[in-house]
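The structure appears below as structure tokens.
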Amino acid sequence: MRHRTPFGEAMMTFKRTPLLSGLSIASIGFSLFTIGLFALVALNFQRALATLAERVEVVAFVLRGTPTETISQATQDISAFPEVLDLKFVSPDQALSRARRELVEFKEAYRDLEVNPLPASFEVRLRPAFRDAEHAQAVAERLRGFPFIEDVRYGRDWVERLDRLRNMAAAVGAVIGLAFAAVAIVIIGVTIRITVLQRSKEISIMRLVGATNAYIRGPFLIEGALKGVTGGILAIAMCWLTLTLFRRTATDTGAALAFFGPTQMLLIVVFGTAIGLGGSLLSVGRHLKNV
Amino acid sequence: MIRFNRVSKIYPNGVVGLKDVTFQIPKGQFVFLTGHSGAGKSSILSLILAEQRPSEGEVRVSGYQIAKLTHHEIPRLRRRLGIVFQDFRLLEYHTVEENVGFALEVTGARRETIANRVMRALTQVGLASKARAYPKELSGGEQQRVAIARALVNDPHILIADEPTGNLDERATRGVFQLLQEINAGGTVVVMATHNMELVRDTGYRTIELRSGRIVFDSGVDEDGATR
């Protein structure tokens with residue numbers, strides 16, 4: 001005689017109602033796929049912004065005639081700023097040769113110079129967490145405090161625009177992400193509710209022969225969790241397929257696009273499992289209240 | 001075993017299910033509940049099963065006061081009861097033995113004892129040979145016997161039978177009824193709601209007749225109102 005175990009009962013539901021089980025896995029999978037796809041767009045957008053933010057740089061121009069010892073000391077002091085990732089001192093000669101190399105349209109003008117007009121400078125790159133207008137300005141202010149610093153520039157307008165773009169992306173991302181998640185939860189909840197209703201007769205029999213609510217819930221929770229896991233894996237597979245197809249059609253932009261890392265994939269599966277479990281718990285709980 | 005003391009049941013939609021109903025069923029008795037549809041038979045059964053709580057009065061079943069039952073106590077009470085329905089209510093995707101064993105599993109019975117107890121119950125209802133069959137492979141009478149085996153397997157104090165012969169032909173009816181009589185002979189209280197007056201007349205069992213939620217006849221009560 002086959003003994004009923006919560007896991008066995010959950011597996012049996014898949015076997016005896018393959019269509020309904022398949023549909024609920026597909027609905028969880030597609031719901032998570034929309035979230036996953038959005039997350040993929042957000043992830044790549046964030047990466048693009050981070051690449052842009054790498055250009056955030058503070059340049060401090062040094063007064064002519066500043067002694068080498070002072071510059072060495074300043075290099076140590078500035079490097080110790082918590083915001084600083086790395087610091088480069090560019091001597092006037094280096095600045096000139098760089099200008100000759102990079103600014104080809106002024107090549108002639110730079111070639112005939114008798115006196116080098118370019119000042120020495122410190123080029124400060126900031127750590128990723130400090131690549132915003134507020135921190136760039138704070139570093140610039142501190143640099144201005146050195147008496148041998150003539151001027152400081154960090155492309156204020158550009159950095160502020162980047163900040164605005166980042167904030168807007170985060171806000172829009174959060175709203176759309178939450179909306180997608182809410183829709184997914186509703187769809188998954190409805191799907192699981194159909195499964196529960198389909199087995200309402202069984203539930204009422206269980207109750208009448210003295211089953212506790214915990215005993216009744218067990219197989220449903222396992223079933224919900226299994227559907228969530230499978231739906232999550234399905235969603236990751238669909239996201240990967242979509243990205244692969246996109247990479248094939250749009251070879252230029254597609255190649256640069258990134259896919260989820262192991263942690264992010266695990267998060268999608270965990271999210272699916274949590275939705276499956278939560279949806280089952282709510283649906284069975286509501287049903288048990290009414291029978 | 002079962003005591004209804006001035007019990008009324010009024011449903012949320014205002015329908016009166018029972019009105020001032022009083023009776024007692026002592027240990028070992030077989031009782032018919034009769035009356036037309038809507039007379040109050042189902043209300044009495046659902047109060048015994050703790051599916052409902054009384055609006056007024058007191059219902060006591062096997063030592064439990066229904067109105068004061070907690071969520072944890074309801075399954076415990078139901079494990080002392082055996083329940084048989086007109087529509088059998090078997091799990092269609094489970095075999096006969098699984099349907100019967102399931103009533104034991106929910107109580108947390110030891111696995112090694114379940115198979116034996118299931119076979120004992122199936123033997124008692126004459127269906128040991130159909131243990132591996134599925135409900136849809138059985139006749140109505142056989143399905144009802146499976147339901148009775150499921151009700152019996154926990155050695156209940158009380159067996160509730162709600163129109164158990166309502167869907168059966170005469171031969172199957174006699175068979176099922178005989179089975180209920182045998183169960184009662186073993187000391188189990190049997191409360192059977194039925195429309196089958198022929199069955200009621202042919203036996204000398206106590207009959208409680210209901211009309212519009214009130215008891216209009218109780219053959220088990222003498223002129224002083226005492227339970228015989």
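Starting from 1 in every chain, residues are counted up; chains themselves are A, B, ... following the order of the structure tokens, and ligands are numbered from 1 as listed.
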TODO: Using only C-alpha atoms, find the residues of chain B whose closest atom to chain A is at most 7 Å away, then write them as number ranges by chain.
DONE: B: 75-76, 78-79, 89, 91, 98, 103, 106-107, 115
Task: Non-local contacts of B:Glu163 (6 Å; only C-alpha atoms; under 3 positions in same chain excluded) as a PyMOL selection string - done: chain B and resi 86+166+193-194
What would the file look like if the residues just selected were written as a JSON list (two decimals), in the first residue's frame with N, CA and C atoms?
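Okay, result18.json is ready:
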[["chain", "number", "residue", "atom", "x", "y", "z"],
["B", 86, "GLN", "N", -23.97, 10.49, 1.28],
["B", 86, "GLN", "CA", -24.76, 9.95, 0.17],
["B", 86, "GLN", "C", -23.89, 9.80, -1.09],
["B", 166, "GLY", "N", -29.06, 6.79, -0.22],
["B", 166, "GLY", "CA", -29.80, 7.66, -1.15],
["B", 166, "GLY", "C", -29.49, 7.42, -2.61],
["B", 193, "ALA", "N", -29.25, 9.78, 8.86],
["B", 193, "ALA", "CA", -30.31, 10.62, 8.28],
["B", 193, "ALA", "C", -30.81, 9.91, 7.03],
["B", 194, "THR", "N", -32.13, 9.81, 6.89],
["B", 194, "THR", "CA", -32.66, 9.10, 5.72],
["B", 194, "THR", "C", -34.06, 9.56, 5.34]]
Task: Residues within 9 Å of A:Leu197, only C-alpha atoms, excluding chain neighbours under 4 positions, as a PyMOL selection string - done: chain A and resi 192-193+201+283-284+287
- [ ] For B:Lys27, please output as number ranges by chain all residues within 8 Å (counting only C-alpha atoms; exclusion window: fewer than 4 positions along the same chain).
- [x] B: 1, 187-189
Suppose we keep N, CA and C atoms; can you now write the selection as a CSV table (one decimal), in the first residue's frame?
chain,number,residue,atom,x,y,z
B,1,MET,N,-23.4,10.2,24.9
B,1,MET,CA,-22.6,10.3,23.7
B,1,MET,C,-22.8,11.7,22.9
B,187,GLY,N,-21.3,-1.8,19.3
B,187,GLY,CA,-21.3,-0.8,20.4
B,187,GLY,C,-21.1,0.7,19.9
B,188,THR,N,-21.0,0.8,18.6
B,188,THR,CA,-20.8,2.2,18.0
B,188,THR,C,-22.2,2.8,17.8
B,189,VAL,N,-22.3,4.1,18.3
B,189,VAL,CA,-23.5,4.8,18.0
B,189,VAL,C,-23.7,5.1,16.5
- [ ] For B:Val84, please output as JSON, numbers by chain all residues within 9 Å (counting only C-alpha atoms; exclusion window: fewer than 6 positions along the same chain).
- [x] {"B": [144, 147, 148, 150, 151, 159, 160, 161, 162, 163, 164]}
